[in-house]
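Below is one structure, written out as structure tokens; comments come after it.
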Amino acid sequence: MSDQSAVRIEPWGEGDLPLLEKLLGDPEMMVHLGGPESPEKLAERQVRFERLADSGTGRMFKIVDEATGEPVGSVGYWDKTWRDEEVYETGWFVLPAFQGRGIAVEATTQAIAKAKSDGKHRFLHAFPSVDNAASNAICRKLGFRLIEECEFEYPPGSFMQCNDWRLDLSPS
Ligand SMILES: CC(C)(COP(=O)(O)OP(=O)(O)OC[C@H]1O[C@@H](n2cnc3c(N)ncnc32)[C@H](O)[C@@H]1OP(=O)(O)O)[C@@H](O)C(=O)NCCC(=O)NCCS
């Protein structure tokens with residue numbers, strides 16, 4: 001990645017609702033994720049993201065452009081029960097103007113390091129839609145193992161065809 005695209009991750013903060021609106025409120029961004037969230041849902045999500053780290057059930061970060069300090073996306077992980085096992089699930093978003101520069105891969109690499117140092121769960125899963133080429137490429141690139149294709153409930157009440165990717169966080 002060139003220095004032009006260098007990013008860091010910072011804990012999700014109180015002032016980050018406008019970023020959330022640009023990410024999960026945008027129909028283009030939510031093509032593979034059941035469509036944009038309503039303003040009410042986004043406000044609820046903002047509160048959950050602010051409290052996630054203190055609750056001990058995960059961490060949410062904004063992705064910040066090192067050069068400008070501008071927020072360009074989000075990445076995080078949270079507790080999930082999957083196939084009777086306690087694991088982390090992860091997900092990522094990068095604003096359209098910043099896509100295709102390796103930012104999601106870099107930010108997710110940084111988030112994985114945090115999940116490893118939390119030491120809470122052995123496995124981190126990602127469930128991109130089978131049609132989400134960029135997200136499936138990210139999983140492959142970061143060393144996730146493809147477990148299976150599965151039906152995944154997201155948003156609650158609607159089912160999509162996803163890949164179950166799993167990364168082993170235990171020290172090698
Ligand atoms: C998925 C998303 C975060 C990728 O962000 P990004 O910063 O553009 O990703 P990167 O530049 O790090 O690219 C990651 C890989 O995807 C590939 N890729 C990017 N866009 C692609 C596309 N449209 N089709 C195919 N591959 C693509 C890149 O080539 C790269 O792989 P490579 O390094 O092997 O070449 C971004 O497209 C997004 O926010 N999408 C909407 C939200 C979403 O679907 N989130 C995923 C929920 S699981």
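Within each chain, counting starts at residue 1; across the structure tokens, chains are named A, B, ... in the order shown, with ligands numbered 1 upward in that order.
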> Running DSSP on the backbone, which parts of range 98-144 of chain A land in helix (DSSP H, G or I), as a list in words?
Replying inline: Phe98, Ile103, Ala104, Val105, Glu106, Ala107, Thr108, Thr109, Gln110, Ala111, Ile112, Ala113, Lys114, Ala115, Lys116, Ser117, Asp118, Ala133, Ala134, Ser135, Asn136, Ala137, Ile138, Cys139, Arg140 and Lys141 of chain A
>> Show me which residues line ligand 1, defined as having an atom within 6 Å of a ligand atom where only C-alpha atoms and all ligand atoms count, and present them as JSON, numbers by chain.
In response: {"A": [29, 30, 32, 91, 92, 93, 94, 95, 99, 100, 101, 102, 103, 104, 105, 127, 128, 133, 134, 135, 137, 138]}
Mind writing the picked residues with N, CA and C atoms as a PDB file, in the first residue's frame?
ATOM      1  N   MET A  29     -23.676   1.340  -0.610  1.00  0.00           N
ATOM      2  CA  MET A  29     -22.804   0.609   0.319  1.00  0.00           C
ATOM      3  C   MET A  29     -23.476  -0.666   0.827  1.00  0.00           C
ATOM      4  N   MET A  30     -24.818  -0.676   0.818  1.00  0.00           N
ATOM      5  CA  MET A  30     -25.553  -1.764   1.470  1.00  0.00           C
ATOM      6  C   MET A  30     -26.145  -2.753   0.465  1.00  0.00           C
ATOM      7  N   HIS A  32     -25.024  -5.490  -0.736  1.00  0.00           N
ATOM      8  CA  HIS A  32     -24.886  -6.897  -0.337  1.00  0.00           C
ATOM      9  C   HIS A  32     -25.409  -7.141   1.074  1.00  0.00           C
ATOM     10  N   GLY A  91     -16.584  -7.340  10.384  1.00  0.00           N
ATOM     11  CA  GLY A  91     -17.163  -6.712   9.193  1.00  0.00           C
ATOM     12  C   GLY A  91     -16.453  -5.395   8.913  1.00  0.00           C
ATOM     13  N   TRP A  92     -16.545  -4.911   7.659  1.00  0.00           N
ATOM     14  CA  TRP A  92     -15.779  -3.738   7.239  1.00  0.00           C
ATOM     15  C   TRP A  92     -16.549  -2.922   6.201  1.00  0.00           C
ATOM     16  N   PHE A  93     -16.284  -1.633   6.188  1.00  0.00           N
ATOM     17  CA  PHE A  93     -16.896  -0.691   5.229  1.00  0.00           C
ATOM     18  C   PHE A  93     -15.868   0.377   4.885  1.00  0.00           C
ATOM     19  N   VAL A  94     -15.757   0.701   3.601  1.00  0.00           N
ATOM     20  CA  VAL A  94     -14.896   1.799   3.175  1.00  0.00           C
ATOM     21  C   VAL A  94     -15.716   2.681   2.222  1.00  0.00           C
ATOM     22  N   LEU A  95     -15.678   3.985   2.444  1.00  0.00           N
ATOM     23  CA  LEU A  95     -16.447   4.913   1.600  1.00  0.00           C
ATOM     24  C   LEU A  95     -16.045   4.761   0.131  1.00  0.00           C
ATOM     25  N   GLN A  99     -12.329   3.416  -1.974  1.00  0.00           N
ATOM     26  CA  GLN A  99     -12.230   1.970  -2.228  1.00  0.00           C
ATOM     27  C   GLN A  99     -11.161   1.656  -3.280  1.00  0.00           C
ATOM     28  N   GLY A 100     -10.705   0.396  -3.261  1.00  0.00           N
ATOM     29  CA  GLY A 100      -9.772  -0.074  -4.281  1.00  0.00           C
ATOM     30  C   GLY A 100      -8.328   0.333  -4.056  1.00  0.00           C
ATOM     31  N   ARG A 101      -8.006   0.784  -2.828  1.00  0.00           N
ATOM     32  CA  ARG A 101      -6.626   1.200  -2.535  1.00  0.00           C
ATOM     33  C   ARG A 101      -5.990   0.338  -1.449  1.00  0.00           C
ATOM     34  N   GLY A 102      -6.642  -0.751  -1.079  1.00  0.00           N
ATOM     35  CA  GLY A 102      -6.074  -1.610  -0.036  1.00  0.00           C
ATOM     36  C   GLY A 102      -6.424  -1.172   1.375  1.00  0.00           C
ATOM     37  N   ILE A 103      -7.336  -0.196   1.505  1.00  0.00           N
ATOM     38  CA  ILE A 103      -7.639   0.337   2.840  1.00  0.00           C
ATOM     39  C   ILE A 103      -8.341  -0.702   3.715  1.00  0.00           C
ATOM     40  N   ALA A 104      -9.287  -1.441   3.152  1.00  0.00           N
ATOM     41  CA  ALA A 104     -10.003  -2.437   3.972  1.00  0.00           C
ATOM     42  C   ALA A 104      -9.039  -3.518   4.457  1.00  0.00           C
ATOM     43  N   VAL A 105      -8.139  -3.954   3.592  1.00  0.00           N
ATOM     44  CA  VAL A 105      -7.164  -4.981   3.992  1.00  0.00           C
ATOM     45  C   VAL A 105      -6.275  -4.445   5.120  1.00  0.00           C
ATOM     46  N   PHE A 127     -18.697 -13.298   7.240  1.00  0.00           N
ATOM     47  CA  PHE A 127     -19.788 -13.918   6.476  1.00  0.00           C
ATOM     48  C   PHE A 127     -20.185 -13.056   5.273  1.00  0.00           C
ATOM     49  N   PRO A 128     -19.252 -12.766   4.354  1.00  0.00           N
ATOM     50  CA  PRO A 128     -19.657 -11.968   3.188  1.00  0.00           C
ATOM     51  C   PRO A 128     -20.624 -12.737   2.295  1.00  0.00           C
ATOM     52  N   ALA A 133     -17.575  -9.729  -4.093  1.00  0.00           N
ATOM     53  CA  ALA A 133     -16.228 -10.119  -4.549  1.00  0.00           C
ATOM     54  C   ALA A 133     -15.135  -9.478  -3.703  1.00  0.00           C
ATOM     55  N   ALA A 134     -15.291  -8.187  -3.385  1.00  0.00           N
ATOM     56  CA  ALA A 134     -14.239  -7.491  -2.645  1.00  0.00           C
ATOM     57  C   ALA A 134     -14.062  -8.091  -1.256  1.00  0.00           C
ATOM     58  N   SER A 135     -15.165  -8.357  -0.554  1.00  0.00           N
ATOM     59  CA  SER A 135     -15.052  -8.898   0.806  1.00  0.00           C
ATOM     60  C   SER A 135     -14.506 -10.322   0.811  1.00  0.00           C
ATOM     61  N   ALA A 137     -12.431 -11.421  -1.373  1.00  0.00           N
ATOM     62  CA  ALA A 137     -10.998 -11.247  -1.658  1.00  0.00           C
ATOM     63  C   ALA A 137     -10.230 -10.848  -0.398  1.00  0.00           C
ATOM     64  N   ILE A 138     -10.851 -10.005   0.418  1.00  0.00           N
ATOM     65  CA  ILE A 138     -10.203  -9.570   1.669  1.00  0.00           C
ATOM     66  C   ILE A 138      -9.955 -10.780   2.573  1.00  0.00           C
TER      67      ILE A 138
END
> Which residues, written as a PyMOL selection string, have at least one atom at most 8 Å from Pro71 in chain A, with only C-alpha atoms counted and residues fewer than 4 positions away on the same chain left out?
Replying inline: chain A and resi 19+62-65
Keeping N, CA and C atoms, export the residues of the selection given above as a PDB file, in the first residue's frame.
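Final output, saved to result-v2.pdb:
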ATOM      1  N   LEU A  19     -20.556   9.570  10.017  1.00  0.00           N
ATOM      2  CA  LEU A  19     -19.828   8.540   9.265  1.00  0.00           C
ATOM      3  C   LEU A  19     -20.698   7.299   9.085  1.00  0.00           C
ATOM      4  N   LYS A  62     -13.325   3.374  13.777  1.00  0.00           N
ATOM      5  CA  LYS A  62     -13.416   4.089  12.507  1.00  0.00           C
ATOM      6  C   LYS A  62     -12.041   4.003  11.860  1.00  0.00           C
ATOM      7  N   ILE A  63     -12.049   3.982  10.540  1.00  0.00           N
ATOM      8  CA  ILE A  63     -10.800   3.960   9.785  1.00  0.00           C
ATOM      9  C   ILE A  63     -10.494   5.407   9.406  1.00  0.00           C
ATOM     10  N   VAL A  64      -9.281   5.855   9.745  1.00  0.00           N
ATOM     11  CA  VAL A  64      -8.920   7.259   9.536  1.00  0.00           C
ATOM     12  C   VAL A  64      -7.745   7.351   8.565  1.00  0.00           C
ATOM     13  N   ASP A  65      -7.872   8.251   7.593  1.00  0.00           N
ATOM     14  CA  ASP A  65      -6.795   8.532   6.645  1.00  0.00           C
ATOM     15  C   ASP A  65      -5.671   9.246   7.403  1.00  0.00           C
TER      16      ASP A  65
END
> Which residue out of A:Pro96, A:Gly76, A:Arg45, A:Ser55 has the minimum interatomic distance to Pro27 in chain A when only C-alpha atoms are used?
Replying inline: A:Pro96
> Using only C-alpha atoms, which residues sit within 9 Å of Cys150 in chain A once same-chain residues fewer than 6 positions away are excluded, as a PyMOL selection string?
Replying inline: chain A and resi 127+160-164
>> My list of candidates is A:Ala97, A:Arg59, A:Leu33, A:Asp168. Which is closest to Phe152 in chain A when distances are computed with only C-alpha atoms?
In response: A:Leu33
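If you measure from each of A:Val31, A:Val130, A:Ala6, A:Leu124 to Gly143 in chain A using only C-alpha atoms, the closest one turns out to be A:Leu124.
Proximity of A:Leu23, A:Ala115, A:Leu52, A:Leu42 to Tyr88 in chain A, computed with only C-alpha atoms, is greatest for A:Ala115.
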Check which residues of range 34-129 of chain A sit at most 9 Å from range 8-11 of chain A using only C-alpha atoms, and return one row each with the closest pair of atoms and their distance in Å to one decimal, ordered by chain and rising number, as a tab-separated table.
residue	atom	partner	partner_atom	distance
A:Glu50	CA	A:Pro11	CA	8.3
A:Ala53	CA	A:Pro11	CA	8.3
A:Arg59	CA	A:Pro11	CA	7.4
A:Met60	CA	A:Pro11	CA	6.1
A:Phe61	CA	A:Pro11	CA	4.5
A:Lys62	CA	A:Glu10	CA	5.5
A:Ile63	CA	A:Ile9	CA	4.7
A:Val64	CA	A:Arg8	CA	5.4
A:Asp65	CA	A:Arg8	CA	6.8
A:Glu66	CA	A:Arg8	CA	6.4
A:Ser74	CA	A:Ile9	CA	8.2
A:Val75	CA	A:Ile9	CA	8.1
A:Glu106	CA	A:Arg8	CA	8.4
A:Ala107	CA	A:Ile9	CA	6.4
A:Thr108	CA	A:Ile9	CA	9.0
A:Gln110	CA	A:Ile9	CA	7.1
A:Ala111	CA	A:Ile9	CA	7.6
Atoms to include: N, CA, C and O atoms. Write the selected residues as a PDB file, in the first residue's frame.
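Done, and the output landed in selection-v4.pdb:
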ATOM      1  N   GLU A  50     -20.727   2.898  20.328  1.00  0.00           N
ATOM      2  CA  GLU A  50     -20.029   3.677  21.363  1.00  0.00           C
ATOM      3  C   GLU A  50     -19.768   2.836  22.602  1.00  0.00           C
ATOM      4  O   GLU A  50     -18.770   3.020  23.283  1.00  0.00           O
ATOM      5  N   ALA A  53     -16.955  -1.466  23.293  1.00  0.00           N
ATOM      6  CA  ALA A  53     -15.680  -1.796  23.953  1.00  0.00           C
ATOM      7  C   ALA A  53     -15.869  -1.938  25.460  1.00  0.00           C
ATOM      8  O   ALA A  53     -15.381  -2.896  26.070  1.00  0.00           O
ATOM      9  N   ARG A  59     -15.164  -4.754  19.718  1.00  0.00           N
ATOM     10  CA  ARG A  59     -14.658  -3.389  19.520  1.00  0.00           C
ATOM     11  C   ARG A  59     -15.051  -2.908  18.132  1.00  0.00           C
ATOM     12  O   ARG A  59     -14.986  -3.671  17.171  1.00  0.00           O
ATOM     13  N   MET A  60     -15.437  -1.643  18.047  1.00  0.00           N
ATOM     14  CA  MET A  60     -15.726  -1.046  16.738  1.00  0.00           C
ATOM     15  C   MET A  60     -14.772   0.128  16.550  1.00  0.00           C
ATOM     16  O   MET A  60     -14.511   0.877  17.493  1.00  0.00           O
ATOM     17  N   PHE A  61     -14.259   0.250  15.343  1.00  0.00           N
ATOM     18  CA  PHE A  61     -13.294   1.297  15.029  1.00  0.00           C
ATOM     19  C   PHE A  61     -13.744   2.095  13.815  1.00  0.00           C
ATOM     20  O   PHE A  61     -14.407   1.551  12.921  1.00  0.00           O
ATOM     21  N   LYS A  62     -13.325   3.374  13.777  1.00  0.00           N
ATOM     22  CA  LYS A  62     -13.416   4.089  12.507  1.00  0.00           C
ATOM     23  C   LYS A  62     -12.041   4.003  11.860  1.00  0.00           C
ATOM     24  O   LYS A  62     -11.012   3.945  12.563  1.00  0.00           O
ATOM     25  N   ILE A  63     -12.049   3.982  10.540  1.00  0.00           N
ATOM     26  CA  ILE A  63     -10.800   3.960   9.785  1.00  0.00           C
ATOM     27  C   ILE A  63     -10.494   5.407   9.406  1.00  0.00           C
ATOM     28  O   ILE A  63     -11.359   6.104   8.859  1.00  0.00           O
ATOM     29  N   VAL A  64      -9.281   5.855   9.745  1.00  0.00           N
ATOM     30  CA  VAL A  64      -8.920   7.259   9.536  1.00  0.00           C
ATOM     31  C   VAL A  64      -7.745   7.351   8.565  1.00  0.00           C
ATOM     32  O   VAL A  64      -6.760   6.608   8.696  1.00  0.00           O
ATOM     33  N   ASP A  65      -7.872   8.251   7.593  1.00  0.00           N
ATOM     34  CA  ASP A  65      -6.795   8.532   6.645  1.00  0.00           C
ATOM     35  C   ASP A  65      -5.671   9.246   7.403  1.00  0.00           C
ATOM     36  O   ASP A  65      -5.891  10.323   7.966  1.00  0.00           O
ATOM     37  N   GLU A  66      -4.482   8.661   7.416  1.00  0.00           N
ATOM     38  CA  GLU A  66      -3.352   9.233   8.181  1.00  0.00           C
ATOM     39  C   GLU A  66      -2.999  10.635   7.687  1.00  0.00           C
ATOM     40  O   GLU A  66      -2.645  11.504   8.470  1.00  0.00           O
ATOM     41  N   SER A  74     -15.167   1.917   8.425  1.00  0.00           N
ATOM     42  CA  SER A  74     -15.300   1.276   9.741  1.00  0.00           C
ATOM     43  C   SER A  74     -14.842  -0.174   9.653  1.00  0.00           C
ATOM     44  O   SER A  74     -14.891  -0.793   8.588  1.00  0.00           O
ATOM     45  N   VAL A  75     -14.401  -0.675  10.787  1.00  0.00           N
ATOM     46  CA  VAL A  75     -14.078  -2.106  10.897  1.00  0.00           C
ATOM     47  C   VAL A  75     -14.253  -2.469  12.368  1.00  0.00           C
ATOM     48  O   VAL A  75     -14.064  -1.619  13.237  1.00  0.00           O
ATOM     49  N   GLU A 106      -5.777  -3.221   4.968  1.00  0.00           N
ATOM     50  CA  GLU A 106      -4.891  -2.650   5.986  1.00  0.00           C
ATOM     51  C   GLU A 106      -5.629  -2.455   7.324  1.00  0.00           C
ATOM     52  O   GLU A 106      -5.119  -2.824   8.384  1.00  0.00           O
ATOM     53  N   ALA A 107      -6.818  -1.891   7.272  1.00  0.00           N
ATOM     54  CA  ALA A 107      -7.563  -1.624   8.516  1.00  0.00           C
ATOM     55  C   ALA A 107      -7.957  -2.943   9.196  1.00  0.00           C
ATOM     56  O   ALA A 107      -7.906  -3.052  10.430  1.00  0.00           O
ATOM     57  N   THR A 108      -8.327  -3.938   8.402  1.00  0.00           N
ATOM     58  CA  THR A 108      -8.724  -5.221   8.996  1.00  0.00           C
ATOM     59  C   THR A 108      -7.508  -5.924   9.599  1.00  0.00           C
ATOM     60  O   THR A 108      -7.621  -6.561  10.656  1.00  0.00           O
ATOM     61  N   GLN A 110      -5.137  -4.399  11.088  1.00  0.00           N
ATOM     62  CA  GLN A 110      -4.965  -3.748  12.394  1.00  0.00           C
ATOM     63  C   GLN A 110      -6.015  -4.228  13.396  1.00  0.00           C
ATOM     64  O   GLN A 110      -5.717  -4.445  14.579  1.00  0.00           O
ATOM     65  N   ALA A 111      -7.248  -4.430  12.929  1.00  0.00           N
ATOM     66  CA  ALA A 111      -8.315  -4.903  13.834  1.00  0.00           C
ATOM     67  C   ALA A 111      -8.028  -6.339  14.304  1.00  0.00           C
ATOM     68  O   ALA A 111      -8.268  -6.678  15.468  1.00  0.00           O
TER      69      ALA A 111
END
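Interatomic distance, CA of His125 in chain A against CA of Glu89 in chain A: 4.7 Å.
One distance worth recording is that between CA of Asn132 in chain A and CA of Gly157 in chain A, which is 20.2 Å.
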Taking only residues of range 21-85 of chain A that have an atom at most 10 Å from an atom of range 116-121 of chain A, what is each one's shortest atom pair and its distance in Å to one decimal, using only C-alpha atoms, in chain and number order, as a Markdown table?
| residue | atom | partner | partner_atom | distance |
| --- | --- | --- | --- | --- |
| A:Gly56 | CA | A:Lys120 | CA | 9.5 |
| A:Thr57 | CA | A:Lys120 | CA | 9.3 |
| A:Gly58 | CA | A:Asp118 | CA | 9.1 |
| A:Arg59 | CA | A:Asp118 | CA | 9.8 |
| A:Asp79 | CA | A:His121 | CA | 8.6 |
| A:Glu85 | CA | A:His121 | CA | 9.7 |
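Distances to Glu149 in chain A were evaluated for A:Gln46, A:Ser172, A:Ser129, A:Ser5 using only C-alpha atoms, and the minimum falls at A:Ser129.
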